[in-house]
Amino acid sequence: MAYVAAAVLAAVTLTASFAGGEACNFVASMTWTAACQQTGRWENLCQQTLQTAPATAEVTVYALVATRLAKLRYENTLGEVDTMLWPRNAPADARAALDNCKYKYSVALGRMDAVSDEIFACDFSHARQEYVDAEVAVRSCQDGLLRLPNQYHSWPLFAKVSADYDLTMVAYLLGAIFLGR
């Protein structure tokens, strides 16, 4: 939990200049509570994610906070996957799923990095598709892990990937407020 709090603080700090700068054209402002109401079953996670964000801001600020937090979590999860893969710490029957996760998380990280840059620059030309690509990549890792025998389902990595998927959905749905679905 301390990691999440530190990551949220870092994400909010990174958006401070953006929030105080010029707004993107044609993007609505609202409270983070109103924005989170549009995230469906992820509303509680959205509220936890944005609790230190400005109370009212352009929706891009909220999307940027969630996107950057997702990116930080991906880096953390990717580090855990690397640890499991090196030096052959994982059992042979789990290596293919872990290799898939490593590749897919690299894709997701790149997509969220691009979304973050695009939101900051108010250039949304590819952001929607990059959110979708990140969601598909994290879900692919999750699906691969779920296909492993039950003995591996107690790994902490399972819970991490599931939490990452949920945060990916929060970021995507906040972005969808101004990008469309």
# chains A, B, ... in the order shown; residues from 1 in each chain; ligands from 1

$ residues_around --residues "Ala34 of chain A" --least-positions-apart "6" --cutoff "12 Å" --atoms "only C-alpha atoms" --output "list in words"
Ala28, Gly40, Glu43, Cys46, Gln47, Leu50, Ala55, Thr56, Ala57, Glu58, Val59, Tyr62, Leu174 and Ile177 of chain A

$ select_by_dssp --residues "chain A" --states "strand (DSSP E or B)" --output "ChimeraX atom specification"
/A:29-31,56-58

$ write_last_selection --atoms "C-alpha atoms" --output "mmCIF file, in the first residue's frame"
data_model
loop_
_atom_site.group_PDB
_atom_site.id
_atom_site.type_symbol
_atom_site.label_atom_id
_atom_site.label_comp_id
_atom_site.auth_asym_id
_atom_site.auth_seq_id
_atom_site.Cartn_x
_atom_site.Cartn_y
_atom_site.Cartn_z
ATOM 1 C CA SER A 29 -13.483 19.664 -16.410
ATOM 2 C CA MET A 30 -15.235 17.851 -13.572
ATOM 3 C CA THR A 31 -14.673 16.537 -10.089
ATOM 4 C CA THR A 56 -11.867 19.547 -9.861
ATOM 5 C CA ALA A 57 -9.734 19.463 -12.989
ATOM 6 C CA GLU A 58 -9.746 18.773 -16.670
#

$ atom_distance --atom1 "atom CA of Asp117 of chain A" --atom2 "atom CA of Lys104 of chain A"
20.0 Å

$ closest_residue --among "A:Asp93, A:Asp99, A:Asp166, A:Glu135" --to "Tyr152 of chain A" --atoms "only C-alpha atoms"
A:Asp93

$ residues_around --residues "Leu167 of chain A" --least-positions-apart "6" --cutoff "8 Å" --atoms "only C-alpha atoms" --output "ChimeraX atom specification"
/A:45-46,66,70

$ residues_around --residues "Asn100 of chain A" --least-positions-apart "4" --cutoff "12 Å" --atoms "only C-alpha atoms" --output "MDAnalysis selection string"
chainID A and resid 78 81:82 85 94:96 104:107 137:145

$ write_last_selection --atoms "C-alpha atoms" --output "PDB file, in the first residue's frame"
ATOM      1  CA  LEU A  78       7.918  -6.459 -14.930  1.00  0.00           C
ATOM      2  CA  VAL A  81       8.637 -11.264 -13.669  1.00  0.00           C
ATOM      3  CA  ASP A  82      12.325 -10.711 -14.456  1.00  0.00           C
ATOM      4  CA  LEU A  85      12.778 -15.720 -14.866  1.00  0.00           C
ATOM      5  CA  ALA A  94       5.575 -21.831 -15.872  1.00  0.00           C
ATOM      6  CA  ARG A  95       8.336 -20.283 -17.975  1.00  0.00           C
ATOM      7  CA  ALA A  96       6.279 -19.878 -21.155  1.00  0.00           C
ATOM      8  CA  LYS A 104       3.204  -8.339 -22.983  1.00  0.00           C
ATOM      9  CA  TYR A 105       4.124  -6.076 -20.073  1.00  0.00           C
ATOM     10  CA  SER A 106       6.844  -4.490 -22.200  1.00  0.00           C
ATOM     11  CA  VAL A 107       4.165  -3.769 -24.810  1.00  0.00           C
ATOM     12  CA  ALA A 137      -1.445  -6.982 -23.306  1.00  0.00           C
ATOM     13  CA  VAL A 138      -2.078  -7.118 -19.553  1.00  0.00           C
ATOM     14  CA  ARG A 139      -5.104  -9.378 -20.081  1.00  0.00           C
ATOM     15  CA  SER A 140      -2.950 -11.709 -22.215  1.00  0.00           C
ATOM     16  CA  CYS A 141      -0.494 -12.078 -19.344  1.00  0.00           C
ATOM     17  CA  GLN A 142      -3.358 -12.650 -16.923  1.00  0.00           C
ATOM     18  CA  ASP A 143      -4.939 -15.277 -19.184  1.00  0.00           C
ATOM     19  CA  GLY A 144      -1.611 -17.085 -19.579  1.00  0.00           C
ATOM     20  CA  LEU A 145      -1.120 -17.231 -15.821  1.00  0.00           C
TER      21      LEU A 145
END

$ closest_residue --among "A:Thr60, A:Thr33, A:Asn150, A:Thr52" --to "Gly175 of chain A" --atoms "only C-alpha atoms"
A:Thr60

$ select_by_dssp --residues "segment 2-177 of chain A" --states "alpha helix (DSSP H)" --output "short mmCIF file (atom, residue, chain, number, x, y, z; two decimals) with N, CA and C atoms, in the first residue's frame"
data_model
loop_
_atom_site.label_atom_id
_atom_site.label_comp_id
_atom_site.auth_asym_id
_atom_site.auth_seq_id
_atom_site.Cartn_x
_atom_site.Cartn_y
_atom_site.Cartn_z
N ALA A 2 2.01 1.19 0.69
CA ALA A 2 2.91 2.34 0.70
C ALA A 2 3.41 2.64 -0.71
N TYR A 3 3.66 1.56 -1.49
CA TYR A 3 4.10 1.75 -2.87
C TYR A 3 3.05 2.51 -3.67
N VAL A 4 1.79 2.12 -3.49
CA VAL A 4 0.71 2.77 -4.24
C VAL A 4 0.60 4.23 -3.84
N ALA A 5 0.67 4.51 -2.54
CA ALA A 5 0.58 5.90 -2.08
C ALA A 5 1.73 6.73 -2.65
N ALA A 6 2.93 6.19 -2.63
CA ALA A 6 4.07 6.91 -3.19
C ALA A 6 3.92 7.09 -4.69
N ALA A 7 3.41 6.09 -5.36
CA ALA A 7 3.23 6.18 -6.81
C ALA A 7 2.17 7.21 -7.16
N VAL A 8 1.09 7.25 -6.39
CA VAL A 8 0.05 8.25 -6.65
C VAL A 8 0.61 9.65 -6.42
N LEU A 9 1.36 9.83 -5.33
CA LEU A 9 1.96 11.13 -5.06
C LEU A 9 2.89 11.53 -6.20
N ALA A 10 3.68 10.59 -6.69
CA ALA A 10 4.58 10.88 -7.81
C ALA A 10 3.79 11.24 -9.06
N ALA A 11 2.72 10.51 -9.32
CA ALA A 11 1.91 10.80 -10.51
C ALA A 11 1.25 12.16 -10.40
N VAL A 12 0.75 12.50 -9.22
CA VAL A 12 0.12 13.81 -9.04
C VAL A 12 1.16 14.91 -9.18
N THR A 13 2.34 14.70 -8.62
CA THR A 13 3.41 15.68 -8.75
C THR A 13 3.77 15.89 -10.21
N LEU A 14 3.84 14.81 -10.97
CA LEU A 14 4.17 14.91 -12.39
C LEU A 14 3.11 15.66 -13.18
N THR A 15 1.87 15.62 -12.71
CA THR A 15 0.79 16.31 -13.44
C THR A 15 0.59 17.74 -12.97
N ALA A 16 1.27 18.16 -11.93
CA ALA A 16 1.04 19.49 -11.37
C ALA A 16 1.25 20.59 -12.41
N SER A 17 2.33 20.51 -13.16
CA SER A 17 2.57 21.55 -14.17
C SER A 17 1.53 21.47 -15.29
N PHE A 18 1.09 20.26 -15.60
CA PHE A 18 0.06 20.08 -16.63
C PHE A 18 -1.26 20.68 -16.16
N ALA A 19 -1.63 20.38 -14.92
CA ALA A 19 -2.91 20.86 -14.39
C ALA A 19 -2.93 22.38 -14.28
N GLY A 20 -1.80 22.97 -14.00
CA GLY A 20 -1.73 24.41 -13.85
C GLY A 20 -1.48 25.12 -15.17
N TRP A 32 -13.21 14.70 -9.56
CA TRP A 32 -12.75 13.32 -9.75
C TRP A 32 -13.83 12.33 -9.34
N THR A 33 -14.69 12.73 -8.44
CA THR A 33 -15.81 11.86 -8.06
C THR A 33 -16.73 11.62 -9.24
N ALA A 34 -17.05 12.68 -9.98
CA ALA A 34 -17.90 12.55 -11.17
C ALA A 34 -17.21 11.71 -12.24
N ALA A 35 -15.91 11.92 -12.40
CA ALA A 35 -15.16 11.14 -13.39
C ALA A 35 -15.18 9.66 -13.01
N CYS A 36 -14.98 9.36 -11.74
CA CYS A 36 -14.94 7.96 -11.30
C CYS A 36 -16.30 7.28 -11.44
N GLU A 43 -15.17 1.83 -10.00
CA GLU A 43 -15.35 3.15 -9.37
C GLU A 43 -14.57 3.28 -8.07
N ASN A 44 -14.62 2.27 -7.20
CA ASN A 44 -13.89 2.35 -5.93
C ASN A 44 -12.38 2.46 -6.16
N LEU A 45 -11.85 1.67 -7.07
CA LEU A 45 -10.43 1.76 -7.38
C LEU A 45 -10.09 3.12 -7.96
N CYS A 46 -10.95 3.64 -8.80
CA CYS A 46 -10.75 4.97 -9.37
C CYS A 46 -10.67 6.01 -8.25
N GLN A 47 -11.58 5.93 -7.30
CA GLN A 47 -11.58 6.88 -6.19
C GLN A 47 -10.30 6.78 -5.37
N GLN A 48 -9.83 5.56 -5.14
CA GLN A 48 -8.57 5.37 -4.41
C GLN A 48 -7.40 5.96 -5.21
N THR A 49 -7.44 5.76 -6.52
CA THR A 49 -6.37 6.24 -7.39
C THR A 49 -6.31 7.76 -7.42
N LEU A 50 -7.46 8.40 -7.42
CA LEU A 50 -7.52 9.86 -7.60
C LEU A 50 -7.70 10.63 -6.30
N VAL A 59 -10.45 16.53 -17.26
CA VAL A 59 -10.44 15.07 -17.18
C VAL A 59 -9.09 14.49 -17.60
N THR A 60 -8.37 15.18 -18.46
CA THR A 60 -7.05 14.70 -18.87
C THR A 60 -6.11 14.56 -17.68
N VAL A 61 -6.28 15.41 -16.67
CA VAL A 61 -5.44 15.32 -15.47
C VAL A 61 -5.67 13.99 -14.78
N TYR A 62 -6.94 13.61 -14.63
CA TYR A 62 -7.25 12.35 -13.97
C TYR A 62 -6.76 11.15 -14.79
N ALA A 63 -6.95 11.23 -16.09
CA ALA A 63 -6.47 10.15 -16.95
C ALA A 63 -4.94 10.04 -16.87
N LEU A 64 -4.28 11.17 -16.82
CA LEU A 64 -2.82 11.17 -16.73
C LEU A 64 -2.34 10.58 -15.41
N VAL A 65 -3.01 10.91 -14.31
CA VAL A 65 -2.64 10.34 -13.01
C VAL A 65 -2.76 8.81 -13.06
N ALA A 66 -3.90 8.31 -13.54
CA ALA A 66 -4.12 6.86 -13.59
C ALA A 66 -3.16 6.18 -14.57
N THR A 67 -2.91 6.83 -15.69
CA THR A 67 -2.01 6.27 -16.70
C THR A 67 -0.59 6.16 -16.16
N ARG A 68 -0.13 7.21 -15.51
CA ARG A 68 1.24 7.18 -14.98
C ARG A 68 1.36 6.20 -13.81
N LEU A 69 0.31 6.09 -13.02
CA LEU A 69 0.34 5.10 -11.95
C LEU A 69 0.37 3.69 -12.53
N ALA A 70 -0.41 3.45 -13.57
CA ALA A 70 -0.39 2.13 -14.23
C ALA A 70 1.01 1.84 -14.76
N LYS A 71 1.62 2.83 -15.35
CA LYS A 71 2.98 2.66 -15.88
C LYS A 71 3.96 2.27 -14.76
N LEU A 72 3.86 2.93 -13.62
CA LEU A 72 4.73 2.60 -12.48
C LEU A 72 4.47 1.17 -12.00
N ARG A 73 3.22 0.77 -11.97
CA ARG A 73 2.89 -0.59 -11.55
C ARG A 73 3.41 -1.61 -12.56
N TYR A 74 3.30 -1.30 -13.85
CA TYR A 74 3.82 -2.22 -14.87
C TYR A 74 5.32 -2.42 -14.67
N GLU A 75 6.04 -1.34 -14.40
CA GLU A 75 7.49 -1.45 -14.19
C GLU A 75 7.78 -2.36 -13.00
N ASN A 76 7.00 -2.20 -11.93
CA ASN A 76 7.18 -3.03 -10.74
C ASN A 76 6.88 -4.50 -11.04
N THR A 77 5.80 -4.76 -11.74
CA THR A 77 5.43 -6.14 -12.09
C THR A 77 6.45 -6.75 -13.03
N LEU A 78 6.90 -5.97 -13.99
CA LEU A 78 7.92 -6.46 -14.93
C LEU A 78 9.19 -6.84 -14.18
N GLY A 79 9.55 -6.07 -13.17
CA GLY A 79 10.70 -6.41 -12.34
C GLY A 79 10.52 -7.73 -11.62
N GLU A 80 9.31 -7.97 -11.13
CA GLU A 80 9.03 -9.25 -10.46
C GLU A 80 9.09 -10.41 -11.45
N VAL A 81 8.57 -10.21 -12.64
CA VAL A 81 8.64 -11.26 -13.67
C VAL A 81 10.09 -11.55 -14.01
N ASP A 82 10.90 -10.52 -14.17
CA ASP A 82 12.33 -10.71 -14.46
C ASP A 82 13.01 -11.51 -13.35
N THR A 83 12.68 -11.20 -12.11
CA THR A 83 13.26 -11.93 -10.98
C THR A 83 12.88 -13.40 -11.03
N MET A 84 11.64 -13.67 -11.40
CA MET A 84 11.19 -15.06 -11.48
C MET A 84 11.85 -15.80 -12.64
N LEU A 85 12.16 -15.08 -13.70
CA LEU A 85 12.78 -15.72 -14.87
C LEU A 85 14.29 -15.86 -14.73
N ALA A 92 9.90 -25.04 -15.00
CA ALA A 92 9.85 -25.11 -16.47
C ALA A 92 8.44 -24.96 -17.02
N ASP A 93 7.45 -25.55 -16.33
CA ASP A 93 6.09 -25.48 -16.87
C ASP A 93 5.45 -24.09 -16.74
N ALA A 94 6.10 -23.19 -16.02
CA ALA A 94 5.58 -21.83 -15.87
C ALA A 94 6.34 -20.82 -16.72
N ARG A 95 7.47 -21.24 -17.26
CA ARG A 95 8.34 -20.28 -17.97
C ARG A 95 7.66 -19.66 -19.20
N ALA A 96 6.92 -20.43 -19.95
CA ALA A 96 6.28 -19.88 -21.15
C ALA A 96 5.29 -18.77 -20.78
N ALA A 97 4.52 -19.00 -19.72
CA ALA A 97 3.57 -17.97 -19.28
C ALA A 97 4.31 -16.73 -18.79
N LEU A 98 5.41 -16.92 -18.08
CA LEU A 98 6.19 -15.79 -17.59
C LEU A 98 6.88 -15.04 -18.73
N ASP A 99 7.40 -15.79 -19.71
CA ASP A 99 7.98 -15.14 -20.90
C ASP A 99 6.93 -14.31 -21.62
N ASN A 100 5.71 -14.84 -21.73
CA ASN A 100 4.62 -14.10 -22.35
C ASN A 100 4.33 -12.83 -21.56
N CYS A 101 4.29 -12.95 -20.23
CA CYS A 101 4.05 -11.77 -19.39
C CYS A 101 5.14 -10.72 -19.58
N LYS A 102 6.37 -11.17 -19.65
CA LYS A 102 7.47 -10.21 -19.84
C LYS A 102 7.29 -9.45 -21.15
N TYR A 103 6.98 -10.16 -22.21
CA TYR A 103 6.79 -9.51 -23.51
C TYR A 103 5.56 -8.59 -23.48
N LYS A 104 4.45 -9.11 -22.98
CA LYS A 104 3.20 -8.34 -22.98
C LYS A 104 3.29 -7.11 -22.08
N TYR A 105 3.96 -7.24 -20.95
CA TYR A 105 4.12 -6.08 -20.07
C TYR A 105 5.03 -5.02 -20.70
N SER A 106 6.01 -5.46 -21.47
CA SER A 106 6.84 -4.49 -22.20
C SER A 106 6.00 -3.72 -23.20
N VAL A 107 5.09 -4.42 -23.87
CA VAL A 107 4.17 -3.77 -24.81
C VAL A 107 3.27 -2.79 -24.06
N ALA A 108 2.66 -3.25 -22.96
CA ALA A 108 1.75 -2.40 -22.19
C ALA A 108 2.47 -1.16 -21.66
N LEU A 109 3.69 -1.35 -21.18
CA LEU A 109 4.47 -0.22 -20.67
C LEU A 109 4.73 0.80 -21.76
N GLY A 110 5.10 0.34 -22.94
CA GLY A 110 5.33 1.25 -24.06
C GLY A 110 4.07 2.00 -24.46
N ARG A 111 2.94 1.30 -24.45
CA ARG A 111 1.67 1.94 -24.82
C ARG A 111 1.27 3.00 -23.80
N MET A 112 1.38 2.67 -22.51
CA MET A 112 1.01 3.65 -21.48
C MET A 112 1.98 4.82 -21.47
N ASP A 113 3.23 4.57 -21.78
CA ASP A 113 4.20 5.66 -21.88
C ASP A 113 3.79 6.60 -23.01
N ALA A 114 3.40 6.04 -24.13
CA ALA A 114 2.96 6.85 -25.27
C ALA A 114 1.69 7.62 -24.94
N VAL A 115 0.73 6.97 -24.28
CA VAL A 115 -0.51 7.66 -23.88
C VAL A 115 -0.19 8.83 -22.97
N SER A 116 0.68 8.61 -22.01
CA SER A 116 1.07 9.67 -21.09
C SER A 116 1.64 10.87 -21.83
N ASP A 117 2.55 10.61 -22.76
CA ASP A 117 3.13 11.69 -23.56
C ASP A 117 2.08 12.40 -24.39
N GLU A 118 1.17 11.64 -24.98
CA GLU A 118 0.14 12.23 -25.83
C GLU A 118 -0.84 13.08 -25.03
N ILE A 119 -1.25 12.60 -23.86
CA ILE A 119 -2.16 13.39 -23.03
C ILE A 119 -1.47 14.68 -22.60
N PHE A 120 -0.23 14.58 -22.18
CA PHE A 120 0.51 15.76 -21.74
C PHE A 120 0.60 16.78 -22.87
N ALA A 127 -4.14 7.76 -28.71
CA ALA A 127 -4.27 7.39 -27.30
C ALA A 127 -5.31 6.31 -27.05
N ARG A 128 -6.46 6.41 -27.68
CA ARG A 128 -7.51 5.43 -27.45
C ARG A 128 -7.02 4.03 -27.81
N GLN A 129 -6.41 3.87 -28.98
CA GLN A 129 -5.92 2.55 -29.40
C GLN A 129 -4.79 2.07 -28.49
N GLU A 130 -3.96 2.97 -28.03
CA GLU A 130 -2.87 2.57 -27.15
C GLU A 130 -3.38 2.09 -25.79
N TYR A 131 -4.44 2.72 -25.29
CA TYR A 131 -5.09 2.21 -24.08
C TYR A 131 -5.60 0.79 -24.32
N VAL A 132 -6.27 0.59 -25.45
CA VAL A 132 -6.82 -0.74 -25.78
C VAL A 132 -5.68 -1.75 -25.88
N ASP A 133 -4.60 -1.38 -26.55
CA ASP A 133 -3.45 -2.29 -26.69
C ASP A 133 -2.86 -2.65 -25.33
N ALA A 134 -2.77 -1.68 -24.42
CA ALA A 134 -2.25 -1.96 -23.07
C ALA A 134 -3.17 -2.92 -22.33
N GLU A 135 -4.48 -2.70 -22.45
CA GLU A 135 -5.45 -3.59 -21.79
C GLU A 135 -5.32 -5.01 -22.33
N VAL A 136 -5.22 -5.15 -23.63
CA VAL A 136 -5.10 -6.48 -24.26
C VAL A 136 -3.81 -7.16 -23.81
N ALA A 137 -2.73 -6.41 -23.71
CA ALA A 137 -1.45 -6.98 -23.31
C ALA A 137 -1.49 -7.49 -21.87
N VAL A 138 -2.01 -6.68 -20.95
CA VAL A 138 -2.08 -7.12 -19.55
C VAL A 138 -3.04 -8.30 -19.41
N ARG A 139 -4.15 -8.27 -20.13
CA ARG A 139 -5.10 -9.38 -20.08
C ARG A 139 -4.47 -10.65 -20.64
N SER A 140 -3.63 -10.54 -21.66
CA SER A 140 -2.95 -11.71 -22.21
C SER A 140 -2.05 -12.36 -21.18
N CYS A 141 -1.33 -11.55 -20.43
CA CYS A 141 -0.49 -12.08 -19.34
C CYS A 141 -1.38 -12.77 -18.31
N GLN A 142 -2.44 -12.10 -17.92
CA GLN A 142 -3.36 -12.65 -16.92
C GLN A 142 -3.94 -13.99 -17.40
N ASP A 143 -4.37 -14.04 -18.63
CA ASP A 143 -4.94 -15.28 -19.18
C ASP A 143 -3.91 -16.41 -19.20
N GLY A 144 -2.67 -16.07 -19.57
CA GLY A 144 -1.61 -17.09 -19.58
C GLY A 144 -1.33 -17.64 -18.19
N LEU A 145 -1.34 -16.77 -17.19
CA LEU A 145 -1.12 -17.23 -15.82
C LEU A 145 -2.28 -18.09 -15.33
N LEU A 146 -3.49 -17.73 -15.73
CA LEU A 146 -4.66 -18.50 -15.31
C LEU A 146 -4.68 -19.91 -15.90
N PRO A 156 2.19 -14.45 -5.65
CA PRO A 156 1.84 -13.03 -5.52
C PRO A 156 1.69 -12.34 -6.88
N LEU A 157 2.36 -12.87 -7.89
CA LEU A 157 2.27 -12.29 -9.23
C LEU A 157 0.83 -12.32 -9.75
N PHE A 158 0.08 -13.36 -9.40
CA PHE A 158 -1.32 -13.43 -9.85
C PHE A 158 -2.10 -12.22 -9.37
N ALA A 159 -1.99 -11.91 -8.10
CA ALA A 159 -2.72 -10.76 -7.53
C ALA A 159 -2.23 -9.46 -8.14
N LYS A 160 -0.93 -9.36 -8.38
CA LYS A 160 -0.38 -8.14 -8.98
C LYS A 160 -0.93 -7.90 -10.37
N VAL A 161 -0.93 -8.93 -11.18
CA VAL A 161 -1.41 -8.80 -12.56
C VAL A 161 -2.90 -8.46 -12.57
N SER A 162 -3.64 -9.06 -11.68
CA SER A 162 -5.07 -8.75 -11.59
C SER A 162 -5.28 -7.28 -11.19
N ALA A 163 -4.51 -6.81 -10.22
CA ALA A 163 -4.60 -5.40 -9.81
C ALA A 163 -4.16 -4.47 -10.94
N ASP A 164 -3.13 -4.88 -11.67
CA ASP A 164 -2.68 -4.08 -12.81
C ASP A 164 -3.76 -3.99 -13.88
N TYR A 165 -4.44 -5.09 -14.13
CA TYR A 165 -5.52 -5.09 -15.11
C TYR A 165 -6.61 -4.11 -14.69
N ASP A 166 -6.98 -4.16 -13.42
CA ASP A 166 -8.03 -3.26 -12.93
C ASP A 166 -7.61 -1.80 -13.07
N LEU A 167 -6.36 -1.49 -12.75
CA LEU A 167 -5.90 -0.11 -12.89
C LEU A 167 -5.83 0.30 -14.36
N THR A 168 -5.48 -0.63 -15.22
CA THR A 168 -5.49 -0.36 -16.66
C THR A 168 -6.89 0.04 -17.10
N MET A 169 -7.89 -0.66 -16.60
CA MET A 169 -9.27 -0.33 -16.95
C MET A 169 -9.67 1.04 -16.42
N VAL A 170 -9.23 1.39 -15.22
CA VAL A 170 -9.52 2.73 -14.69
C VAL A 170 -8.91 3.79 -15.59
N ALA A 171 -7.64 3.60 -15.96
CA ALA A 171 -6.98 4.58 -16.83
C ALA A 171 -7.70 4.69 -18.17
N TYR A 172 -8.02 3.54 -18.76
CA TYR A 172 -8.72 3.53 -20.05
C TYR A 172 -10.07 4.23 -19.95
N LEU A 173 -10.85 3.92 -18.93
CA LEU A 173 -12.19 4.49 -18.81
C LEU A 173 -12.15 5.99 -18.49
N LEU A 174 -11.15 6.44 -17.75
CA LEU A 174 -11.00 7.89 -17.56
C LEU A 174 -10.63 8.55 -18.88
N GLY A 175 -9.76 7.90 -19.64
CA GLY A 175 -9.43 8.42 -20.97
C GLY A 175 -10.62 8.41 -21.90
N ALA A 176 -11.47 7.40 -21.77
CA ALA A 176 -12.64 7.28 -22.64
C ALA A 176 -13.63 8.42 -22.45
N ILE A 177 -13.57 9.11 -21.32
CA ILE A 177 -14.45 10.26 -21.11
C ILE A 177 -14.22 11.32 -22.18
#

$ closest_residue --among "A:Trp42, A:Pro91, A:Asn25, A:Arg181" --to "Gln151 of chain A" --atoms "only C-alpha atoms"
A:Pro91

$ atom_distance --atom1 "atom CA of Ser125 of chain A" --atom2 "atom CA of Pro54 of chain A"
25.7 Å

$ closest_residue --among "A:Ala121, A:Ala90, A:Leu179, A:Ala53" --to "Ala23 of chain A" --atoms "only C-alpha atoms"
A:Ala121
